[in-house]
>>> print(open('model-v5.tsv').read())   # TSV, C-alpha atoms
chain	number	residue	atom	x	y	z
D	24	MET	CA	-64.34	67.52	-100.32
D	25	ASP	CA	-67.96	68.61	-100.08
D	26	TYR	CA	-70.43	68.06	-97.29
D	27	THR	CA	-74.11	69.06	-97.26
D	28	GLN	CA	-76.32	69.09	-94.18
D	29	LYS	CA	-80.03	69.78	-93.98
D	30	LEU	CA	-80.62	72.10	-91.03
D	31	GLY	CA	-84.34	72.62	-91.34
D	32	LYS	CA	-87.29	72.20	-93.67
D	33	ARG	CA	-85.91	74.73	-96.15
D	34	THR	CA	-82.45	75.30	-94.76
D	35	PHE	CA	-79.32	73.67	-96.16
D	36	LEU	CA	-75.63	74.18	-95.48
D	37	THR	CA	-72.84	73.00	-97.76
D	38	VAL	CA	-69.17	73.30	-96.85
D	39	ARG	CA	-66.29	72.44	-99.16
D	40	GLY	CA	-62.52	72.53	-99.25
D	41	ASN	CA	-59.58	71.52	-101.38
D	42	PHE	CA	-55.88	71.09	-100.65
D	43	THR	CA	-52.94	70.46	-102.97
D	44	PHE	CA	-49.38	69.78	-101.82
D	45	ASN	CA	-46.47	69.82	-104.25
D	46	GLU	CA	-43.08	68.34	-103.43
D	47	ASP	CA	-40.28	68.33	-106.00
D	48	LYS	CA	-36.58	67.64	-105.63
D	49	ILE	CA	-33.57	67.39	-107.92
D	50	ILE	CA	-32.30	63.82	-107.55
D	51	GLU	CA	-29.56	63.86	-110.18
D	52	ASN	CA	-28.54	66.50	-112.74
D	53	ASP	CA	-25.06	65.31	-113.74
D	54	GLN	CA	-23.50	68.35	-112.11
D	55	PRO	CA	-19.72	68.14	-111.54
D	56	PRO	CA	-18.45	68.13	-107.95
D	57	VAL	CA	-18.82	71.49	-106.21
D	58	ASP	CA	-16.22	73.27	-104.08
D	59	TYR	CA	-18.55	73.84	-101.13
D	60	PRO	CA	-21.61	71.93	-99.88
D	61	TRP	CA	-23.89	74.99	-100.05
D	62	LEU	CA	-23.36	75.11	-103.84
D	63	GLU	CA	-24.82	71.63	-104.34
D	64	THR	CA	-28.05	71.66	-106.34
D	65	ARG	CA	-28.94	68.00	-105.77
D	66	GLY	CA	-31.57	67.75	-103.07
D	67	THR	CA	-32.97	71.22	-103.73
D	68	ASN	CA	-36.31	71.88	-105.38
D	69	VAL	CA	-36.43	72.64	-109.11
D	70	ASN	CA	-37.21	76.36	-108.74
D	71	ALA	CA	-34.86	76.94	-105.81
D	72	ARG	CA	-33.50	80.49	-105.75
D	73	TRP	CA	-29.82	81.16	-105.19
D	74	GLY	CA	-28.33	84.30	-103.73
D	75	PHE	CA	-26.39	85.87	-100.89
D	76	ILE	CA	-27.29	85.84	-97.21
D	77	ALA	CA	-27.71	89.43	-96.00
D	78	ASP	CA	-26.43	90.08	-92.48
D	79	GLY	CA	-28.03	93.49	-92.11
D	80	LEU	CA	-26.61	96.89	-93.01
D	81	PHE	CA	-23.18	98.35	-92.36
D	82	THR	CA	-23.33	100.72	-89.39
D	83	SER	CA	-19.80	102.15	-89.40
D	84	GLN	CA	-16.79	102.67	-91.66
D	85	GLU	CA	-14.76	100.38	-89.39
D	86	GLU	CA	-17.24	97.57	-89.98
D	87	ILE	CA	-16.88	98.02	-93.74
D	88	GLU	CA	-13.07	97.90	-93.53
D	89	ASP	CA	-13.08	94.77	-91.36
D	90	HIS	CA	-15.53	92.91	-93.59
D	91	ALA	CA	-14.95	90.92	-96.76
D	92	THR	CA	-14.64	92.82	-100.04
D	93	GLN	CA	-18.04	93.26	-101.69
D	94	PHE	CA	-19.31	95.13	-104.75
D	95	GLY	CA	-18.13	98.62	-105.62
D	96	THR	CA	-17.52	101.42	-103.14
D	97	LEU	CA	-19.37	100.76	-99.90
D	98	ASN	CA	-20.95	103.23	-97.49
D	99	ILE	CA	-22.71	103.08	-94.17
D	100	GLY	CA	-26.26	101.85	-94.79
D	101	ASP	CA	-25.29	99.39	-97.54
D	102	ILE	CA	-26.15	95.69	-97.30
D	103	LYS	CA	-23.57	93.39	-95.72
D	104	TYR	CA	-23.30	89.87	-97.18
D	105	ARG	CA	-22.09	86.75	-95.42
D	106	ASP	CA	-18.71	85.39	-96.46
D	107	LEU	CA	-19.63	81.70	-96.47
D	108	ASN	CA	-16.22	80.34	-97.44
D	109	GLY	CA	-14.25	82.86	-95.40
D	110	ASP	CA	-11.87	83.90	-98.21
D	111	GLY	CA	-12.41	87.63	-97.65
D	112	VAL	CA	-14.24	88.18	-100.96
D	113	ILE	CA	-17.99	88.07	-101.62
D	114	ASP	CA	-18.49	86.29	-104.94
D	115	ASN	CA	-20.41	83.40	-106.52
D	116	TYR	CA	-18.82	80.95	-104.08
D	117	ASP	CA	-20.83	82.62	-101.31
D	118	LYS	CA	-24.23	82.04	-102.91
D	119	THR	CA	-26.59	79.49	-101.46
D	120	VAL	CA	-30.27	78.57	-101.60
D	121	ILE	CA	-32.30	81.49	-100.21
D	122	GLY	CA	-35.82	80.44	-101.29
D	123	ARG	CA	-37.88	77.80	-103.00
D	124	GLY	CA	-39.33	80.13	-105.67
D	125	ASP	CA	-42.67	81.66	-106.58
D	126	VAL	CA	-44.45	78.37	-107.40
D	127	PRO	CA	-46.29	77.60	-104.13
D	128	ARG	CA	-45.82	74.29	-102.41
D	129	ILE	CA	-49.41	74.47	-101.11
D	130	TYR	CA	-52.64	75.52	-102.81
D	131	TYR	CA	-55.88	75.47	-100.86
D	132	GLY	CA	-59.42	76.74	-100.85
D	133	PHE	CA	-62.55	76.53	-98.75
D	134	GLY	CA	-66.06	77.89	-98.78
D	135	ALA	CA	-69.66	77.44	-97.81
D	136	ASP	CA	-73.19	77.79	-99.22
D	137	LEU	CA	-76.11	78.56	-96.94
D	138	GLN	CA	-79.65	78.41	-98.25
D	139	ILE	CA	-82.53	79.57	-96.08
D	140	GLY	CA	-85.81	79.40	-97.91
D	141	ASP	CA	-85.53	81.62	-100.96
D	142	PHE	CA	-82.32	83.29	-99.79
D	143	ALA	CA	-78.83	81.90	-100.48
D	144	VAL	CA	-75.39	83.11	-99.49
D	145	SER	CA	-72.09	81.60	-100.62
D	146	ALA	CA	-68.45	82.49	-100.06
D	147	LEU	CA	-65.21	81.12	-101.46
D	148	PHE	CA	-61.68	81.62	-100.11
D	149	GLN	CA	-58.49	80.59	-101.90
D	150	GLY	CA	-54.86	80.78	-100.92
D	151	THR	CA	-51.30	79.61	-101.32
D	152	ALA	CA	-48.50	78.89	-98.87
D	153	GLN	CA	-44.73	78.39	-98.94
D	154	ALA	CA	-44.05	80.66	-101.90
D	155	ASP	CA	-41.50	83.45	-102.05
D	156	ARG	CA	-40.25	86.06	-104.45
D	157	CYS	CA	-37.00	88.02	-104.68
D	158	LEU	CA	-37.72	91.65	-105.54
D	159	SER	CA	-35.69	93.30	-108.27
D	160	GLY	CA	-35.71	96.13	-110.78
D	161	SER	CA	-37.48	99.42	-110.25
D	162	SER	CA	-39.33	98.13	-107.19
D	163	ILE	CA	-36.16	98.19	-105.11
D	164	ASN	CA	-34.11	100.72	-107.11
D	165	PRO	CA	-36.55	103.64	-107.38
D	166	PHE	CA	-34.10	106.29	-108.63
D	167	SER	CA	-31.97	104.22	-110.96
D	168	ASP	CA	-31.83	106.66	-113.87
D	169	THR	CA	-29.31	109.49	-113.72
D	170	GLU	CA	-31.98	112.08	-112.91
D	171	GLY	CA	-33.86	110.03	-110.32
D	172	ARG	CA	-37.17	110.09	-112.17
D	173	ASP	CA	-38.27	106.47	-111.69
D	174	ASN	CA	-41.38	105.61	-109.71
D	175	ALA	CA	-41.26	105.00	-105.97
D	176	PHE	CA	-43.67	102.96	-103.87
D	177	SER	CA	-45.58	104.38	-100.94
D	178	ASN	CA	-43.18	102.73	-98.46
D	179	ILE	CA	-40.27	104.87	-99.67
D	180	THR	CA	-40.01	106.50	-96.24
D	181	ASN	CA	-39.21	103.11	-94.70
D	182	ARG	CA	-35.52	103.40	-95.51
D	183	TRP	CA	-32.09	103.70	-93.93
D	184	SER	CA	-31.24	107.24	-92.90
D	185	GLU	CA	-28.15	109.06	-91.71
D	186	ASP	CA	-30.27	110.30	-88.80
D	187	THR	CA	-30.50	106.73	-87.43
D	188	PRO	CA	-27.49	104.94	-88.95
D	189	THR	CA	-27.77	101.84	-86.75
D	190	ASN	CA	-31.42	101.16	-87.57
D	191	GLN	CA	-31.67	97.76	-89.29
D	192	ASN	CA	-35.46	97.51	-89.26
D	193	VAL	CA	-36.05	99.18	-92.63
D	194	PHE	CA	-37.24	98.05	-96.05
D	195	TYR	CA	-34.71	99.96	-98.18
D	196	PRO	CA	-30.97	100.18	-97.56
D	197	ARG	CA	-29.12	103.39	-98.41
D	198	LEU	CA	-30.78	104.99	-101.44
D	199	TYR	CA	-29.03	106.93	-104.16
D	200	VAL	CA	-29.64	108.44	-107.61
D	201	GLY	CA	-28.27	106.56	-110.61
D	202	SER	CA	-27.20	102.99	-111.30
D	203	HIS	CA	-23.60	103.09	-110.07
D	204	ASN	CA	-24.24	101.18	-106.82
D	205	THR	CA	-24.33	97.45	-107.57
D	206	ASN	CA	-23.92	96.22	-104.01
D	207	ASN	CA	-27.41	96.78	-102.63
D	208	TYR	CA	-29.26	95.12	-105.49
D	209	GLN	CA	-27.66	91.71	-105.56
D	210	GLN	CA	-30.10	88.81	-105.26
D	211	SER	CA	-30.11	88.17	-101.53
D	212	THR	CA	-32.23	87.39	-98.51
D	213	TRP	CA	-32.66	91.14	-97.97
D	214	TRP	CA	-35.09	91.26	-100.92
D	215	GLN	CA	-36.59	87.81	-100.33
D	216	LYS	CA	-40.30	88.15	-99.49
D	217	ASP	CA	-43.01	85.69	-98.50
D	218	VAL	CA	-45.85	85.99	-101.04
D	219	SER	CA	-48.22	83.48	-99.46
D	220	PHE	CA	-51.77	84.81	-99.25
D	221	ILE	CA	-55.39	84.03	-98.56
D	222	ARG	CA	-58.09	85.79	-100.59
D	223	LEU	CA	-61.83	86.16	-100.29
D	224	LYS	CA	-62.29	85.22	-103.92
D	225	GLN	CA	-66.03	85.39	-104.32
D	226	VAL	CA	-69.26	86.14	-102.44
D	227	ASN	CA	-72.74	85.54	-103.87
D	228	ILE	CA	-76.04	86.62	-102.39
D	229	SER	CA	-79.23	85.62	-104.19
D	230	TYR	CA	-82.99	85.68	-103.69
D	231	ASN	CA	-85.52	83.57	-105.58
D	232	VAL	CA	-88.80	85.41	-105.97
D	233	PRO	CA	-91.69	83.18	-104.75
D	234	LYS	CA	-93.64	81.67	-107.64
D	235	ARG	CA	-96.95	82.86	-106.26
D	236	LEU	CA	-95.83	86.42	-106.96
D	237	LEU	CA	-94.95	85.62	-110.56
D	238	GLU	CA	-97.95	83.66	-111.83
D	239	LYS	CA	-99.98	86.66	-112.98
D	240	TYR	CA	-96.97	87.95	-114.96
D	241	PHE	CA	-96.50	84.68	-116.89
D	242	VAL	CA	-93.01	84.24	-115.43
D	243	LYS	CA	-91.85	80.77	-114.36
D	244	SER	CA	-89.03	81.93	-112.11
D	245	ALA	CA	-87.06	85.03	-111.21
D	246	SER	CA	-84.07	85.65	-109.03
D	247	LEU	CA	-81.99	88.61	-107.89
D	248	TYR	CA	-78.30	88.30	-107.18
D	249	LEU	CA	-75.33	90.29	-105.95
D	250	MET	CA	-71.84	88.99	-106.63
D	251	GLY	CA	-68.37	90.24	-105.68
D	252	THR	CA	-64.98	88.90	-106.82
D	253	ASN	CA	-61.51	89.52	-105.36
D	254	LEU	CA	-62.89	91.30	-102.34
D	255	LEU	CA	-60.18	90.93	-99.66
D	256	THR	CA	-56.58	89.72	-99.62
D	257	PHE	CA	-54.55	88.87	-96.52
D	258	SER	CA	-50.79	88.59	-96.91
D	259	LYS	CA	-47.54	89.60	-95.25
D	260	PHE	CA	-46.53	91.16	-98.57
D	261	LYS	CA	-48.13	94.58	-99.02
D	262	LEU	CA	-46.49	96.34	-101.98
D	263	TRP	CA	-48.68	94.74	-104.67
D	264	ASP	CA	-50.97	91.77	-105.15
D	265	PRO	CA	-48.88	88.73	-104.09
D	266	GLU	CA	-50.53	86.61	-106.80
D	267	LEU	CA	-49.10	88.75	-109.61
D	268	ASN	CA	-46.25	87.08	-111.50
D	269	THR	CA	-43.82	89.97	-111.11
D	270	ASN	CA	-40.70	90.88	-109.15
D	271	ASN	CA	-41.16	94.64	-109.55
D	272	GLY	CA	-44.93	95.21	-109.41
D	273	VAL	CA	-45.37	96.54	-112.95
D	274	ASN	CA	-47.97	93.94	-114.02
D	275	TYR	CA	-51.59	95.03	-114.28
D	276	PRO	CA	-53.15	94.29	-110.88
D	277	ASN	CA	-56.03	91.99	-110.09
D	278	VAL	CA	-59.22	94.01	-109.81
D	279	SER	CA	-62.29	93.71	-107.62
D	280	ASN	CA	-65.57	93.20	-109.46
D	281	TYR	CA	-69.09	93.77	-108.21
D	282	SER	CA	-72.17	92.62	-110.13
D	283	ILE	CA	-75.89	92.93	-109.55
D	284	GLY	CA	-78.41	91.22	-111.77
D	285	VAL	CA	-81.88	89.83	-112.34
D	286	LYS	CA	-82.61	86.50	-113.99
D	287	PHE	CA	-86.00	85.60	-115.47
D	288	SER	CA	-87.35	82.35	-116.93
D	289	PHE	CA	-90.56	82.43	-119.01
>>> encode(input="model-v5.tsv", output="structure tokens")
Amino acid sequence: MDYTQKLGKRTFLTVRGNFTFNEDKIIENDQPPVDYPWLETRGTNVNARWGFIADGLFTSQEEIEDHATQFGTLNIGDIKYRDLNGDGVIDNYDKTVIGRGDVPRIYYGFGADLQIGDFAVSALFQGTAQADRCLSGSSINPFSDTEGRDNAFSNITNRWSEDTPTNQNVFYPRLYVGSHNTNNYQQSTWWQKDVSFIRLKQVNISYNVPKRLLEKYFVKSASLYLMGTNLLTFSKFKLWDPELNTNNGVNYPNVSNYSIGVKFSF
């Protein structure tokens, strides 16, 4: 939608917006009967993500011993998964839908153009909503090689520590060197992140030089402009650009561009 309003003799304001809503659902996929209702794929969206429900981190050895069997040798600070079927073993029967996937349900944008005489300013915002991503790979396993040489993100200090073993409000569970721990890096709600965002996509500022100043130079028109792209991004997800199609942040990031120019017509 676009709407333009004349505010004065040489003043105009245009506002615009767009909105797209996507709804998809598996109606029938000829899947055989499932053992538990949470394993049913009918009724879910096409890109639904399946994984374990994380119930925080283990805070004591007694809690580990009383809980269902998980993956490998467990320690305090490891992720605890919910035993959905109550059989005492965490396995594929305990997986359920934990997210709708990284294809957003909602795309939207809005902006405005304001022209006052020979000056004009325009701005464009774009965003997505109801999109999520499950982190994996080196982004959540920073020391996975045997010598611990892999990269680590700047939030590496936001991790479980023996100094505060009951602290659940951390990004990383217990860290270690090497790839022997398979428990903490299962696909689960612990690593599920909201990647919705809103971005100031573009700003343009321009000035049309009055014709009376150009006549003696045999120039029909001239304008100056300043343009910026990808200027600001607002999102709950902070590790990398939420628009990047990556679970571990290794894609080349979106960059901010700034341009200044002069346009002449003879």
>>> closest_residue(input="model-v5.tsv", among="D:Phe287, D:Tyr195, D:Tyr26, D:Phe166", to="Leu137 of chain D", atoms="only C-alpha atoms")
D:Tyr26
>>> closest_residue(input="model-v5.tsv", among="D:Tyr59, D:Phe81, D:Phe176, D:Trp213", to="Gly122 of chain D", atoms="only C-alpha atoms")
D:Trp213
>>> closest_residue(input="model-v5.tsv", among="D:Arg156, D:Arg72, D:Arg222, D:Arg39", to="Asn277 of chain D", atoms="only C-alpha atoms")
D:Arg222
>>> atom_distance(input="model-v5.tsv", atom1="atom CA of Ala91 of chain D", atom2="atom CA of Thr67 of chain D")
27.6 Å
>>> closest_residue(input="model-v5.tsv", among="D:Leu255, D:Ile129, D:Leu36, D:Val57", to="Ile221 of chain D", atoms="only C-alpha atoms")
D:Leu255
>>> residues_around(input="model-v5.tsv", residues="Leu237 of chain D", least_positions_apart="6", cutoff="12 Å", atoms="only C-alpha atoms", output="PyMOL selection string")
chain D and resi 231+243-246+287-289
>>> residues_around(input="model-v5.tsv", residues="Thr252 of chain D", least_positions_apart="2", cutoff="9 Å", atoms="all atoms listed in the file", output="number ranges by chain")
D: 223-227, 250, 254-255, 278-282
>>> atom_distance(input="model-v5.tsv", atom1="atom CA of Ile121 of chain D", atom2="atom CA of Asp47 of chain D")
16.4 Å
>>> closest_residue(input="model-v5.tsv", among="D:Tyr131, D:Tyr240, D:Tyr248, D:Trp61", to="Ile76 of chain D", atoms="only C-alpha atoms")
D:Trp61
>>> closest_residue(input="model-v5.tsv", among="D:Pro233, D:Phe257, D:Arg182, D:Gln209", to="Asp114 of chain D", atoms="all atoms listed in the file")
D:Gln209
>>> atom_distance(input="model-v5.tsv", atom1="atom CA of Phe220 of chain D", atom2="atom CA of Glu266 of chain D")
7.9 Å
>>> residues_around(input="model-v5.tsv", residues="Ile87 of chain D", least_positions_apart="4", cutoff="12 Å", atoms="only C-alpha atoms", output="list in words")
Leu80, Phe81, Thr82, Ser83, Ala91, Thr92, Gln93, Phe94, Gly95, Thr96, Leu97, Asn98, Ile99, Gly100, Asp101, Ile102, Lys103, Tyr104 and Gly111 of chain D
>>> write_last_selection(input="model-v5.tsv", atoms="C-alpha atoms", output="PDB file, in the coordinates of the input")
ATOM      1  CA  LEU D  80     -26.610  96.890 -93.010  1.00  0.00           C
ATOM      2  CA  PHE D  81     -23.180  98.350 -92.360  1.00  0.00           C
ATOM      3  CA  THR D  82     -23.330 100.720 -89.390  1.00  0.00           C
ATOM      4  CA  SER D  83     -19.800 102.150 -89.400  1.00  0.00           C
ATOM      5  CA  ALA D  91     -14.950  90.920 -96.760  1.00  0.00           C
ATOM      6  CA  THR D  92     -14.640  92.820-100.040  1.00  0.00           C
ATOM      7  CA  GLN D  93     -18.040  93.260-101.690  1.00  0.00           C
ATOM      8  CA  PHE D  94     -19.310  95.130-104.750  1.00  0.00           C
ATOM      9  CA  GLY D  95     -18.130  98.620-105.620  1.00  0.00           C
ATOM     10  CA  THR D  96     -17.520 101.420-103.140  1.00  0.00           C
ATOM     11  CA  LEU D  97     -19.370 100.760 -99.900  1.00  0.00           C
ATOM     12  CA  ASN D  98     -20.950 103.230 -97.490  1.00  0.00           C
ATOM     13  CA  ILE D  99     -22.710 103.080 -94.170  1.00  0.00           C
ATOM     14  CA  GLY D 100     -26.260 101.850 -94.790  1.00  0.00           C
ATOM     15  CA  ASP D 101     -25.290  99.390 -97.540  1.00  0.00           C
ATOM     16  CA  ILE D 102     -26.150  95.690 -97.300  1.00  0.00           C
ATOM     17  CA  LYS D 103     -23.570  93.390 -95.720  1.00  0.00           C
ATOM     18  CA  TYR D 104     -23.300  89.870 -97.180  1.00  0.00           C
ATOM     19  CA  GLY D 111     -12.410  87.630 -97.650  1.00  0.00           C
TER      20      GLY D 111
END
>>> residues_around(input="model-v5.tsv", residues="Tyr230 of chain D", least_positions_apart="3", cutoff="6 Å", atoms="all atoms listed in the file", output="compact mmCIF listing (two decimals) with C-alpha atoms, in the frame of the given file")
# COMPACT_ATOMS: atom_id res chain seq x y z
CA ASP D 141 -85.53 81.62 -100.96
CA PHE D 142 -82.32 83.29 -99.79
CA SER D 246 -84.07 85.65 -109.03
CA LEU D 247 -81.99 88.61 -107.89
>>> residues_around(input="model-v5.tsv", residues="segment 30-35 of chain D", least_positions_apart="4", cutoff="6 Å", atoms="only C-alpha atoms", output="list of chain:residue names")
D:Leu137, D:Gln138, D:Ile139, D:Gly140
>>> axis_aligned_box(input="model-v5.tsv", around="segment 60-68 of chain D", padding_each_side="5 Å", output="JSON")
{"center_x": -29.0, "center_y": 71.4, "center_z": -103.1, "size_x": 24.7, "size_y": 17.4, "size_z": 16.5}
